[in-house]
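Trainee: Attaching a single structure in structure tokens format; questions to follow.
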Amino acid sequence: MNDYTVALKKYEHYEIDVEKAINLVKDIPVSIHCWQGDDISGLLSHEALTGGIQVTGNYPGKASTFEELKQDFLKAIENIPGTKRINLHAIYAVSDTFVDRNEIEPKHFDPWIDFALENNIKIDFNPTFFSHEKVIDNFTLSSPIENVREFWIEHGKRSRKIAAYIGKRQKSPCLCNIWIPDGMKDIPGDRLSPRKRLKDSLDQIYSDKYDENFIIDSVESKVFGIGLESYTVGSSEFYINYAAHHGINALLDSGHYHPTENVADKISSLLLFNKFIALHITRPVRWDSDHVVSFNDDVREIAREIIASNQIDKFLIGLDFFDATINRVAAWITGSRNVQKALLHAALYPHKTMKKFQDEADFTSLLVLNEEIKTLPFGTVWDKYCEINSVPKDGEWLEEIKHYERDVQLKR
Ligand code: RNT
Ligand code: ZN
């Protein structure tokens with residue numbers, strides 16, 4: 001018997017159908033963020049990164065043109081199994097001349113759409129409310145300055161128009177996610193007014209109606225940013241309520257909660273009240289540090305909730321990490337493979353049996369099963385999954401990326 005046959009037998013003992021799990025996971029789309037490729041620099045200008053987020057490190061070989069970014073992205077996805085999407089930000093507009101955020105148009109994304117269609121991947125989109133001189137005193141959509149607010153409302157409207165255009169061209173909805181950095185370093189004198197202005201700005205942005213077959217809208221909350229420790233206008237309560245009242249969706253970023261909160265536990269509550277749940281999977285280390293996703297308990301638990309829900313179509317899974325201390329393509333590959341691993345691992349749980357034990361109050365069996373699952377031969381199934389997806393197994397891709405680094409990235 002080969003390793004895989006032995007593994008099948010071990011899983012069978014727990015009534016787990018390995019082939020079914022593999023087939024389920026390979027069709028779950030995961031949106032890979034373009035911004036790991038260039039430290040969120042974008043193609044529009046060379047403004048420093050602002051908004052209370054930070055990319056640390058200065059690893060050589062960074063992509064700085066549209067061509068380089070596409071080249072690196074393709075290199076990464078050759079090594080990532082499963083169904084891939086690409087997540088773009090407005091600052092990745094392609095244009096020979098400078099276009100400001102309140103001027104971007106669908107045509108600036110045609111080159112990306114062509115690229116995605118050629119490679120059989122779908123696109124998601126985000127307006128970019130940071131790294132710009134019109135972020136005044138750390139406020140955008142909630143700014144007390146009328147023309148600042150108008151500028152960003154226009155950006156939001158144009159971004160949705162672009163997302164709907166992308167959706168139409170790719171014949172499938174494009175997720176348009178709004179995240180703004182707005183907040184304060186120190187204790188506010190007025191918490192209510194900025195939130196009121198944000199609500200009003202969003203109302204204006206969402207007053208433009210588009211076909212649901214082309215665009216899905218989401219709003220991303222946060223607990224704090226660097227230099228914005230005391231107050232975040234777009235808090236969890238704000239956006240969960242906003243989304244529920246306006247028929248749009250909440251996006252949970254796994255780095256945007258207090259470190260002891262269990263992000264996986266939030267999913268089932270949202271599932272009951274929302275059409276979709278959008279996710280940014282990342283790895284916070286002590287803060288929202290956006291480390292490369294690890295195959296750790298946090299991510300495995302999130303994946304488990306997705307699979308156990310039996311409503312996988314309601315999830316819009318995206319990634320959001322950025323590390324510039326290591327090879328950026330290897331970072332992309334590692335984080336994305338780890339999300340695939342977590343999904344596969346979760347699909348290899350005997351969810352029905354566990355639910356039954358719980359309903360029968362057989363907590364002893366539930367605990368024992370939860371523990372025994374941990375030592376099943378997952379690595380063998382993962383290898384098979386890679387093989388079926390025609391990507392290298394663990395231990396077989398890094399060497400090639402080292403060559404790519406030497407021959408391509410370091411020559412830039
Ligand atoms: C920031 C948010 C946001 C960004 C990206 C670049 O804390 O997580 O999603 O990381 O939009
Ligand atoms: Zn995020």
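A note on labels: chains of the structure tokens are A, B, ... as shown, every chain counts residues from 1, and ligands are counted from 1 in their shown order.
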Do you know which residues are at most 6 Å from Asn87 in chain A counting only C-alpha atoms, after dropping those on the same chain fewer than 4 positions away, and could you put them as a list in words?
Mentor: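 Non-adjacent residues within range: Ser31, Ile32, His33, Cys34, Ile123, Asp124 and Phe125 of chain A.
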Trainee: Using all heavy atoms, can you export the residues from the last selection as a JSON list (two decimals), in the first residue's frame?
Mentor:
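Ended up saving to selection15.json:
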```
[["chain", "number", "residue", "atom", "x", "y", "z"],
["A", 31, "SER", "N", -9.17, 34.97, -3.18],
["A", 31, "SER", "CA", -8.71, 36.18, -3.86],
["A", 31, "SER", "C", -7.34, 36.59, -3.32],
["A", 31, "SER", "O", -7.20, 36.93, -2.15],
["A", 31, "SER", "CB", -9.74, 37.28, -3.65],
["A", 31, "SER", "OG", -9.57, 38.29, -4.59],
["A", 32, "ILE", "N", -6.37, 36.54, -4.21],
["A", 32, "ILE", "CA", -4.99, 36.86, -3.80],
["A", 32, "ILE", "C", -4.74, 38.34, -4.04],
["A", 32, "ILE", "O", -4.97, 38.85, -5.14],
["A", 32, "ILE", "CB", -4.01, 35.97, -4.58],
["A", 32, "ILE", "CG1", -4.33, 34.49, -4.30],
["A", 32, "ILE", "CG2", -2.57, 36.31, -4.20],
["A", 32, "ILE", "CD1", -3.53, 33.52, -5.13],
["A", 33, "HIS", "N", -4.32, 39.03, -3.00],
["A", 33, "HIS", "CA", -4.14, 40.48, -3.02],
["A", 33, "HIS", "C", -2.91, 40.85, -3.84],
["A", 33, "HIS", "O", -1.81, 40.35, -3.57],
["A", 33, "HIS", "CB", -4.02, 40.97, -1.59],
["A", 33, "HIS", "CG", -2.95, 40.26, -0.79],
["A", 33, "HIS", "ND1", -2.82, 38.88, -0.77],
["A", 33, "HIS", "CD2", -1.93, 40.74, -0.05],
["A", 33, "HIS", "CE1", -1.80, 38.56, -0.04],
["A", 33, "HIS", "NE2", -1.23, 39.67, 0.42],
["A", 34, "CYS", "N", -3.07, 41.76, -4.78],
["A", 34, "CYS", "CA", -1.93, 42.14, -5.62],
["A", 34, "CYS", "C", -0.86, 42.86, -4.81],
["A", 34, "CYS", "O", 0.31, 42.88, -5.18],
["A", 34, "CYS", "CB", -2.40, 43.01, -6.79],
["A", 34, "CYS", "SG", -2.85, 44.68, -6.29],
["A", 123, "ILE", "N", -11.44, 39.04, -10.89],
["A", 123, "ILE", "CA", -10.85, 40.18, -10.17],
["A", 123, "ILE", "C", -11.79, 40.67, -9.06],
["A", 123, "ILE", "O", -12.99, 40.68, -9.23],
["A", 123, "ILE", "CB", -10.60, 41.34, -11.17],
["A", 123, "ILE", "CG1", -9.63, 40.92, -12.27],
["A", 123, "ILE", "CG2", -10.11, 42.60, -10.46],
["A", 123, "ILE", "CD1", -9.38, 42.00, -13.32],
["A", 124, "ASP", "N", -11.20, 41.12, -7.95],
["A", 124, "ASP", "CA", -11.92, 41.89, -6.93],
["A", 124, "ASP", "C", -11.26, 43.25, -6.83],
["A", 124, "ASP", "O", -10.14, 43.46, -7.31],
["A", 124, "ASP", "CB", -11.87, 41.15, -5.58],
["A", 124, "ASP", "CG", -12.62, 39.83, -5.66],
["A", 124, "ASP", "OD1", -13.80, 39.86, -6.07],
["A", 124, "ASP", "OD2", -12.02, 38.78, -5.37],
["A", 125, "PHE", "N", -11.95, 44.19, -6.17],
["A", 125, "PHE", "CA", -11.49, 45.58, -6.24],
["A", 125, "PHE", "C", -11.66, 46.31, -4.91],
["A", 125, "PHE", "O", -12.55, 46.00, -4.12],
["A", 125, "PHE", "CB", -12.29, 46.31, -7.33],
["A", 125, "PHE", "CG", -11.67, 47.61, -7.74],
["A", 125, "PHE", "CD1", -10.52, 47.63, -8.49],
["A", 125, "PHE", "CD2", -12.25, 48.82, -7.36],
["A", 125, "PHE", "CE1", -9.93, 48.84, -8.87],
["A", 125, "PHE", "CE2", -11.66, 50.04, -7.72],
["A", 125, "PHE", "CZ", -10.51, 50.04, -8.48]]
```
Trainee: Throw together the list of residues within 8 Å of ligand 1, counting only C-alpha atoms and all ligand atoms, and drop it here as a PyMOL selection string.
Mentor: chain A and resi 35+40+51-53+89+126+128+178-181+220+222+225+253+255-256+280+288+290+320-321
Trainee: Which of these, A:Arg169, A:His246, A:Arg283, A:Lys393, has the shortest distance to ligand 2 once you count only C-alpha atoms and all ligand atoms?
Mentor: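 Using only C-alpha atoms and all ligand atoms, the shortest distance to ligand 2 belongs to A:Arg283.
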Trainee: Run DSSP on the backbone and give me the residues of range 197-331 of chain A it puts in alpha helix (DSSP H), as a PyMOL selection string.
Mentor: chain A and resi 197-206+236-246+263-271+297-308+328-331
Trainee: Could you tell me which of A:Lys161, A:His291, A:Lys355, A:His345 comes closest to Gly379 in chain A if we count only C-alpha atoms?
Mentor: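 Going through A:Lys161, A:His291, A:Lys355, A:His345 one by one, the smallest distance to Gly379 in chain A is for A:His345.
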Trainee: Could you give me, as a tab-separated table (two decimals) with N, CA and C atoms, in the first residue's frame, the residues within 12 Å of range 105-110 of chain A, counting only C-alpha atoms and dropping anything in the same chain fewer than 3 positions from it?
Mentor:
```
chain	number	residue	atom	x	y	z
A	43	LEU	N	0.66	51.70	-8.76
A	43	LEU	CA	1.27	52.13	-10.01
A	43	LEU	C	1.01	53.60	-10.30
A	44	LEU	N	0.20	54.25	-9.47
A	44	LEU	CA	-0.23	55.61	-9.80
A	44	LEU	C	0.75	56.70	-9.42
A	66	PHE	N	3.81	47.61	-13.94
A	66	PHE	CA	2.69	46.71	-14.20
A	66	PHE	C	3.21	45.36	-14.72
A	88	LEU	N	-7.44	43.69	-6.54
A	88	LEU	CA	-6.74	44.93	-6.91
A	88	LEU	C	-7.16	46.09	-6.02
A	89	HIS	N	-6.31	47.09	-5.96
A	89	HIS	CA	-6.63	48.35	-5.29
A	89	HIS	C	-6.65	49.43	-6.37
A	90	ALA	N	-7.37	50.51	-6.11
A	90	ALA	CA	-7.48	51.58	-7.12
A	90	ALA	C	-6.11	52.13	-7.54
A	91	ILE	N	-5.14	52.13	-6.62
A	91	ILE	CA	-3.81	52.66	-6.97
A	91	ILE	C	-3.05	51.77	-7.96
A	92	TYR	N	-3.68	50.68	-8.38
A	92	TYR	CA	-3.05	49.85	-9.41
A	92	TYR	C	-3.62	50.14	-10.80
A	93	ALA	N	-4.23	51.33	-10.94
A	93	ALA	CA	-4.72	51.78	-12.25
A	93	ALA	C	-3.53	51.83	-13.21
A	94	VAL	N	-3.80	51.47	-14.46
A	94	VAL	CA	-2.73	51.48	-15.46
A	94	VAL	C	-2.94	52.68	-16.37
A	95	SER	N	-1.98	53.62	-16.35
A	95	SER	CA	-2.13	54.82	-17.16
A	95	SER	C	-0.76	55.42	-17.44
A	96	ASP	N	-0.58	55.98	-18.64
A	96	ASP	CA	0.71	56.62	-18.98
A	96	ASP	C	0.86	57.96	-18.28
A	97	THR	N	-0.28	58.59	-18.00
A	97	THR	CA	-0.23	59.90	-17.34
A	97	THR	C	-0.85	59.77	-15.95
A	98	PHE	N	-0.57	60.75	-15.10
A	98	PHE	CA	-1.09	60.71	-13.73
A	98	PHE	C	-2.62	60.85	-13.72
A	99	VAL	N	-3.27	59.96	-13.03
A	99	VAL	CA	-4.72	60.13	-12.81
A	99	VAL	C	-4.96	60.16	-11.31
A	100	ASP	N	-5.70	61.18	-10.88
A	100	ASP	CA	-5.96	61.30	-9.45
A	100	ASP	C	-7.10	60.35	-9.06
A	101	ARG	N	-7.26	60.15	-7.75
A	101	ARG	CA	-8.26	59.18	-7.28
A	101	ARG	C	-9.69	59.57	-7.69
A	102	ASN	N	-9.92	60.89	-7.84
A	102	ASN	CA	-11.28	61.30	-8.23
A	102	ASN	C	-11.44	61.36	-9.75
A	113	ILE	N	-7.99	43.52	-16.63
A	113	ILE	CA	-9.08	42.60	-16.99
A	113	ILE	C	-8.59	41.68	-18.12
A	114	ASP	N	-7.87	42.25	-19.08
A	114	ASP	CA	-7.34	41.42	-20.17
A	114	ASP	C	-6.41	40.34	-19.60
A	115	PHE	N	-5.54	40.77	-18.70
A	115	PHE	CA	-4.60	39.84	-18.06
A	115	PHE	C	-5.35	38.73	-17.31
A	116	ALA	N	-6.37	39.12	-16.57
A	116	ALA	CA	-7.11	38.13	-15.78
A	116	ALA	C	-7.87	37.17	-16.70
A	117	LEU	N	-8.49	37.70	-17.73
A	117	LEU	CA	-9.24	36.83	-18.65
A	117	LEU	C	-8.30	35.82	-19.31
A	123	ILE	N	-11.44	39.04	-10.89
A	123	ILE	CA	-10.85	40.18	-10.17
A	123	ILE	C	-11.79	40.67	-9.06
A	124	ASP	N	-11.20	41.12	-7.95
A	124	ASP	CA	-11.92	41.89	-6.93
A	124	ASP	C	-11.26	43.25	-6.83
A	125	PHE	N	-11.95	44.19	-6.17
A	125	PHE	CA	-11.49	45.58	-6.24
A	125	PHE	C	-11.66	46.31	-4.91
A	127	PRO	N	-11.37	50.53	-3.45
A	127	PRO	CA	-10.94	51.93	-3.55
A	127	PRO	C	-9.76	52.14	-2.60
A	154	GLU	N	-16.31	60.92	-4.26
A	154	GLU	CA	-16.16	60.73	-5.70
A	154	GLU	C	-15.28	59.50	-5.98
A	155	HIS	N	-14.22	59.35	-5.19
A	155	HIS	CA	-13.35	58.18	-5.36
A	155	HIS	C	-14.12	56.88	-5.12
A	156	GLY	N	-14.93	56.88	-4.08
A	156	GLY	CA	-15.73	55.69	-3.77
A	156	GLY	C	-16.71	55.38	-4.89
A	157	LYS	N	-17.35	56.40	-5.40
A	157	LYS	CA	-18.33	56.20	-6.49
A	157	LYS	C	-17.64	55.65	-7.74
A	158	ARG	N	-16.51	56.26	-8.07
A	158	ARG	CA	-15.79	55.80	-9.27
A	158	ARG	C	-15.29	54.37	-9.09
A	159	SER	N	-14.89	54.05	-7.88
A	159	SER	CA	-14.39	52.69	-7.63
A	159	SER	C	-15.49	51.67	-7.82
A	160	ARG	N	-16.69	52.01	-7.37
A	160	ARG	CA	-17.81	51.06	-7.55
A	160	ARG	C	-18.16	50.92	-9.02
A	161	LYS	N	-18.05	52.02	-9.72
A	161	LYS	CA	-18.33	51.96	-11.16
A	161	LYS	C	-17.32	51.03	-11.85
A	162	ILE	N	-16.08	51.16	-11.43
A	162	ILE	CA	-15.03	50.30	-11.99
A	162	ILE	C	-15.29	48.83	-11.64
A	163	ALA	N	-15.64	48.59	-10.38
A	163	ALA	CA	-15.89	47.20	-9.95
A	163	ALA	C	-17.04	46.60	-10.76
A	164	ALA	N	-18.10	47.38	-10.95
A	164	ALA	CA	-19.25	46.87	-11.72
A	164	ALA	C	-18.85	46.61	-13.18
A	165	TYR	N	-17.98	47.46	-13.67
A	165	TYR	CA	-17.48	47.27	-15.06
A	165	TYR	C	-16.65	45.98	-15.14
A	166	ILE	N	-15.80	45.78	-14.15
A	166	ILE	CA	-15.00	44.54	-14.11
A	166	ILE	C	-15.94	43.34	-14.07
A	167	GLY	N	-16.95	43.41	-13.20
A	167	GLY	CA	-17.91	42.32	-13.08
A	167	GLY	C	-18.60	42.01	-14.40
A	168	LYS	N	-18.91	43.06	-15.11
A	168	LYS	CA	-19.60	42.87	-16.39
A	168	LYS	C	-18.67	42.21	-17.39
A	169	ARG	N	-17.43	42.70	-17.43
A	169	ARG	CA	-16.49	42.11	-18.39
A	169	ARG	C	-16.12	40.67	-18.03
A	170	GLN	N	-16.06	40.37	-16.74
A	170	GLN	CA	-15.66	38.99	-16.37
A	170	GLN	C	-16.89	38.08	-16.20
```
